[in-house]
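Colleague: One file: target-v5.pdb (PDB, N, CA and C atoms).
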```pdb
ATOM      1  N   MET A  30       7.575 -47.547 -35.382  1.00  0.00           N
ATOM      2  CA  MET A  30       8.778 -47.519 -34.569  1.00  0.00           C
ATOM      3  C   MET A  30       8.380 -47.888 -33.136  1.00  0.00           C
ATOM      4  N   THR A  31       9.145 -48.747 -32.520  1.00  0.00           N
ATOM      5  CA  THR A  31       8.820 -49.194 -31.167  1.00  0.00           C
ATOM      6  C   THR A  31       9.279 -48.179 -30.127  1.00  0.00           C
ATOM      7  N   ASN A  32       8.711 -48.294 -28.951  1.00  0.00           N
ATOM      8  CA  ASN A  32       9.132 -47.436 -27.834  1.00  0.00           C
ATOM      9  C   ASN A  32      10.615 -47.627 -27.534  1.00  0.00           C
ATOM     10  N   GLU A  33      11.069 -48.866 -27.620  1.00  0.00           N
ATOM     11  CA  GLU A  33      12.468 -49.166 -27.338  1.00  0.00           C
ATOM     12  C   GLU A  33      13.390 -48.498 -28.344  1.00  0.00           C
ATOM     13  N   GLN A  34      12.989 -48.477 -29.622  1.00  0.00           N
ATOM     14  CA  GLN A  34      13.816 -47.843 -30.650  1.00  0.00           C
ATOM     15  C   GLN A  34      13.869 -46.329 -30.462  1.00  0.00           C
ATOM     16  N   ILE A  35      12.734 -45.749 -30.129  1.00  0.00           N
ATOM     17  CA  ILE A  35      12.697 -44.300 -29.866  1.00  0.00           C
ATOM     18  C   ILE A  35      13.612 -43.965 -28.692  1.00  0.00           C
ATOM     19  N   ALA A  36      13.491 -44.727 -27.602  1.00  0.00           N
ATOM     20  CA  ALA A  36      14.324 -44.477 -26.422  1.00  0.00           C
ATOM     21  C   ALA A  36      15.796 -44.673 -26.748  1.00  0.00           C
ATOM     22  N   HIS A  37      16.117 -45.685 -27.539  1.00  0.00           N
ATOM     23  CA  HIS A  37      17.512 -45.938 -27.923  1.00  0.00           C
ATOM     24  C   HIS A  37      18.070 -44.769 -28.725  1.00  0.00           C
ATOM     25  N   ASP A  38      17.334 -44.331 -29.740  1.00  0.00           N
ATOM     26  CA  ASP A  38      17.808 -43.235 -30.583  1.00  0.00           C
ATOM     27  C   ASP A  38      18.047 -41.966 -29.771  1.00  0.00           C
ATOM     28  N   LEU A  39      17.118 -41.663 -28.875  1.00  0.00           N
ATOM     29  CA  LEU A  39      17.282 -40.474 -28.035  1.00  0.00           C
ATOM     30  C   LEU A  39      18.429 -40.643 -27.045  1.00  0.00           C
ATOM     31  N   ALA A  40      18.588 -41.836 -26.479  1.00  0.00           N
ATOM     32  CA  ALA A  40      19.669 -42.081 -25.521  1.00  0.00           C
ATOM     33  C   ALA A  40      21.035 -41.967 -26.191  1.00  0.00           C
ATOM     34  N   VAL A  41      21.148 -42.420 -27.431  1.00  0.00           N
ATOM     35  CA  VAL A  41      22.408 -42.268 -28.168  1.00  0.00           C
ATOM     36  C   VAL A  41      22.723 -40.787 -28.340  1.00  0.00           C
ATOM     37  N   ALA A  42      21.714 -39.998 -28.676  1.00  0.00           N
ATOM     38  CA  ALA A  42      21.924 -38.557 -28.835  1.00  0.00           C
ATOM     39  C   ALA A  42      22.355 -37.908 -27.519  1.00  0.00           C
ATOM     40  N   VAL A  43      21.729 -38.291 -26.413  1.00  0.00           N
ATOM     41  CA  VAL A  43      22.087 -37.747 -25.106  1.00  0.00           C
ATOM     42  C   VAL A  43      23.522 -38.131 -24.745  1.00  0.00           C
ATOM     43  N   ALA A  44      23.875 -39.402 -24.917  1.00  0.00           N
ATOM     44  CA  ALA A  44      25.224 -39.858 -24.580  1.00  0.00           C
ATOM     45  C   ALA A  44      26.266 -39.169 -25.461  1.00  0.00           C
ATOM     46  N   ALA A  45      25.959 -38.998 -26.742  1.00  0.00           N
ATOM     47  CA  ALA A  45      26.887 -38.317 -27.647  1.00  0.00           C
ATOM     48  C   ALA A  45      27.070 -36.856 -27.239  1.00  0.00           C
ATOM     49  N   ALA A  46      25.999 -36.202 -26.853  1.00  0.00           N
ATOM     50  CA  ALA A  46      26.089 -34.807 -26.415  1.00  0.00           C
ATOM     51  C   ALA A  46      26.931 -34.691 -25.155  1.00  0.00           C
ATOM     52  N   LYS A  47      26.751 -35.621 -24.224  1.00  0.00           N
ATOM     53  CA  LYS A  47      27.560 -35.596 -22.996  1.00  0.00           C
ATOM     54  C   LYS A  47      29.028 -35.854 -23.313  1.00  0.00           C
ATOM     55  N   LEU A  48      29.291 -36.751 -24.259  1.00  0.00           N
ATOM     56  CA  LEU A  48      30.666 -37.041 -24.647  1.00  0.00           C
ATOM     57  C   LEU A  48      31.315 -35.808 -25.272  1.00  0.00           C
ATOM     58  N   ASN A  49      30.558 -35.070 -26.066  1.00  0.00           N
ATOM     59  CA  ASN A  49      31.084 -33.854 -26.704  1.00  0.00           C
ATOM     60  C   ASN A  49      31.409 -32.776 -25.674  1.00  0.00           C
ATOM     61  N   GLN A  50      30.765 -32.799 -24.521  1.00  0.00           N
ATOM     62  CA  GLN A  50      31.011 -31.791 -23.486  1.00  0.00           C
ATOM     63  C   GLN A  50      32.246 -32.103 -22.650  1.00  0.00           C
ATOM     64  N   LYS A  51      32.725 -33.333 -22.705  1.00  0.00           N
ATOM     65  CA  LYS A  51      33.862 -33.725 -21.880  1.00  0.00           C
ATOM     66  C   LYS A  51      35.158 -33.270 -22.520  1.00  0.00           C
ATOM     67  N   SER A  52      36.108 -32.868 -21.676  1.00  0.00           N
ATOM     68  CA  SER A  52      37.408 -32.457 -22.195  1.00  0.00           C
ATOM     69  C   SER A  52      38.269 -33.673 -22.524  1.00  0.00           C
ATOM     70  N   ASN A  53      38.071 -34.769 -21.813  1.00  0.00           N
ATOM     71  CA  ASN A  53      38.793 -36.011 -22.077  1.00  0.00           C
ATOM     72  C   ASN A  53      37.878 -36.904 -22.905  1.00  0.00           C
ATOM     73  N   LEU A  54      38.171 -37.055 -24.175  1.00  0.00           N
ATOM     74  CA  LEU A  54      37.263 -37.759 -25.084  1.00  0.00           C
ATOM     75  C   LEU A  54      37.458 -39.267 -25.122  1.00  0.00           C
ATOM     76  N   SER A  55      38.222 -39.812 -24.189  1.00  0.00           N
ATOM     77  CA  SER A  55      38.381 -41.263 -24.181  1.00  0.00           C
ATOM     78  C   SER A  55      37.073 -41.908 -23.751  1.00  0.00           C
ATOM     79  N   ALA A  56      36.647 -42.899 -24.514  1.00  0.00           N
ATOM     80  CA  ALA A  56      35.413 -43.609 -24.185  1.00  0.00           C
ATOM     81  C   ALA A  56      35.699 -44.529 -23.001  1.00  0.00           C
ATOM     82  N   ASP A  57      34.915 -44.404 -21.962  1.00  0.00           N
ATOM     83  CA  ASP A  57      35.089 -45.247 -20.801  1.00  0.00           C
ATOM     84  C   ASP A  57      33.717 -45.681 -20.297  1.00  0.00           C
ATOM     85  N   ILE A  58      33.676 -46.232 -19.128  1.00  0.00           N
ATOM     86  CA  ILE A  58      32.426 -46.773 -18.581  1.00  0.00           C
ATOM     87  C   ILE A  58      31.383 -45.679 -18.372  1.00  0.00           C
ATOM     88  N   SER A  59      31.807 -44.444 -18.214  1.00  0.00           N
ATOM     89  CA  SER A  59      30.828 -43.372 -18.006  1.00  0.00           C
ATOM     90  C   SER A  59      29.953 -43.178 -19.248  1.00  0.00           C
ATOM     91  N   LEU A  60      30.474 -43.449 -20.428  1.00  0.00           N
ATOM     92  CA  LEU A  60      29.670 -43.355 -21.650  1.00  0.00           C
ATOM     93  C   LEU A  60      28.560 -44.398 -21.629  1.00  0.00           C
ATOM     94  N   VAL A  61      28.888 -45.599 -21.224  1.00  0.00           N
ATOM     95  CA  VAL A  61      27.889 -46.664 -21.128  1.00  0.00           C
ATOM     96  C   VAL A  61      26.866 -46.313 -20.056  1.00  0.00           C
ATOM     97  N   SER A  62      27.337 -45.789 -18.956  1.00  0.00           N
ATOM     98  CA  SER A  62      26.449 -45.395 -17.869  1.00  0.00           C
ATOM     99  C   SER A  62      25.526 -44.257 -18.292  1.00  0.00           C
ATOM    100  N   ASP A  63      26.064 -43.264 -19.005  1.00  0.00           N
ATOM    101  CA  ASP A  63      25.245 -42.158 -19.504  1.00  0.00           C
ATOM    102  C   ASP A  63      24.153 -42.680 -20.430  1.00  0.00           C
ATOM    103  N   TYR A  64      24.525 -43.586 -21.336  1.00  0.00           N
ATOM    104  CA  TYR A  64      23.551 -44.170 -22.262  1.00  0.00           C
ATOM    105  C   TYR A  64      22.484 -44.950 -21.498  1.00  0.00           C
ATOM    106  N   ASP A  65      22.919 -45.794 -20.571  1.00  0.00           N
ATOM    107  CA  ASP A  65      21.991 -46.639 -19.815  1.00  0.00           C
ATOM    108  C   ASP A  65      20.997 -45.804 -19.018  1.00  0.00           C
ATOM    109  N   ASN A  66      21.488 -44.790 -18.340  1.00  0.00           N
ATOM    110  CA  ASN A  66      20.602 -43.920 -17.559  1.00  0.00           C
ATOM    111  C   ASN A  66      19.615 -43.183 -18.457  1.00  0.00           C
ATOM    112  N   ALA A  67      20.110 -42.660 -19.563  1.00  0.00           N
ATOM    113  CA  ALA A  67      19.234 -41.945 -20.495  1.00  0.00           C
ATOM    114  C   ALA A  67      18.204 -42.892 -21.094  1.00  0.00           C
ATOM    115  N   TYR A  68      18.639 -44.082 -21.487  1.00  0.00           N
ATOM    116  CA  TYR A  68      17.719 -45.057 -22.098  1.00  0.00           C
ATOM    117  C   TYR A  68      16.590 -45.422 -21.139  1.00  0.00           C
ATOM    118  N   ARG A  69      16.936 -45.744 -19.918  1.00  0.00           N
ATOM    119  CA  ARG A  69      15.909 -46.135 -18.937  1.00  0.00           C
ATOM    120  C   ARG A  69      14.912 -44.998 -18.682  1.00  0.00           C
ATOM    121  N   TYR A  70      15.428 -43.795 -18.522  1.00  0.00           N
ATOM    122  CA  TYR A  70      14.574 -42.636 -18.281  1.00  0.00           C
ATOM    123  C   TYR A  70      13.668 -42.373 -19.480  1.00  0.00           C
ATOM    124  N   LEU A  71      14.264 -42.352 -20.663  1.00  0.00           N
ATOM    125  CA  LEU A  71      13.498 -42.037 -21.867  1.00  0.00           C
ATOM    126  C   LEU A  71      12.493 -43.127 -22.214  1.00  0.00           C
ATOM    127  N   LEU A  72      12.851 -44.390 -21.993  1.00  0.00           N
ATOM    128  CA  LEU A  72      11.893 -45.471 -22.248  1.00  0.00           C
ATOM    129  C   LEU A  72      10.682 -45.328 -21.342  1.00  0.00           C
ATOM    130  N   ASP A  73      10.914 -45.029 -20.085  1.00  0.00           N
ATOM    131  CA  ASP A  73       9.805 -44.820 -19.155  1.00  0.00           C
ATOM    132  C   ASP A  73       8.936 -43.646 -19.619  1.00  0.00           C
ATOM    133  N   LEU A  74       9.583 -42.579 -20.029  1.00  0.00           N
ATOM    134  CA  LEU A  74       8.851 -41.396 -20.489  1.00  0.00           C
ATOM    135  C   LEU A  74       8.038 -41.691 -21.750  1.00  0.00           C
ATOM    136  N   VAL A  75       8.642 -42.374 -22.703  1.00  0.00           N
ATOM    137  CA  VAL A  75       7.948 -42.711 -23.954  1.00  0.00           C
ATOM    138  C   VAL A  75       6.763 -43.642 -23.670  1.00  0.00           C
ATOM    139  N   GLN A  76       6.962 -44.615 -22.807  1.00  0.00           N
ATOM    140  CA  GLN A  76       5.881 -45.558 -22.498  1.00  0.00           C
ATOM    141  C   GLN A  76       4.693 -44.861 -21.821  1.00  0.00           C
ATOM    142  N   ARG A  77       4.972 -43.822 -21.060  1.00  0.00           N
ATOM    143  CA  ARG A  77       3.878 -43.101 -20.402  1.00  0.00           C
ATOM    144  C   ARG A  77       3.138 -42.172 -21.349  1.00  0.00           C
ATOM    145  N   THR A  78       3.773 -41.798 -22.451  1.00  0.00           N
ATOM    146  CA  THR A  78       3.147 -40.838 -23.359  1.00  0.00           C
ATOM    147  C   THR A  78       2.568 -41.467 -24.615  1.00  0.00           C
ATOM    148  N   ARG A  79       2.802 -42.736 -24.856  1.00  0.00           N
ATOM    149  CA  ARG A  79       2.272 -43.371 -26.057  1.00  0.00           C
ATOM    150  C   ARG A  79       1.209 -44.364 -25.737  1.00  0.00           C
TER
END
```
Now that the file is in, can you turn its structure into structure tokens?

Modeller:
Amino acid sequence: MTNEQIAHDLAVAVAAAKLNQKSNLSADISLVSDYDNAYRYLLDLVQRTR
């Protein structure tokens, strides 16, 4: 499994968890932003640990 795939899978989980916490469940740009921020952070973290 590549670092990118690991970061993607974890970022999807983070974005989904944040979406579940919102009272307004309409998907908007904040979902994409949450995913993007999580992906970048997690990819950096995975690359430093592998």

Colleague: I need the output of the PyMOL selection byres ((chain A and resi 67) around 8) for this file as a PyMOL selection string; which residues are they?

Modeller: chain A and resi 36-37+39-41+43-44+61-66+68-73

Colleague: Just how far from CA of Gln76 (chain A) is atom C of Thr31 (chain A), in Å to one decimal?

Modeller: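 Separation between atom C of Thr31 (chain A) and CA of Gln76 (chain A): 8.8 Å.
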
Colleague: Could you check how far atom C of Asn32 (chain A) sits from atom C of Val75 (chain A), in Å to one decimal?

Modeller: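 Distance reported for this atom pair: 6.8 Å.
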
Colleague: Quick one: 8 Å padding each side, axis-aligned, all listed atoms of region 66-75 of chain A - centre and edge lengths in Å to one decimal, as JSON?

Modeller:
```
{"center_x": 14.1, "center_y": -43.8, "center_z": -20.8, "size_x": 30.7, "size_y": 20.7, "size_z": 22.4}
```

Colleague: Mind pulling up the distance from CA of Ser52 (chain A) to atom C of Gln34 (chain A)?

Modeller: 28.5 Å

Colleague: Could you find all residues in chain A that DSSP calls alpha helix (DSSP H) from the backbone, and write them as a ChimeraX atom specification?

Modeller: /A:32-50,58-78
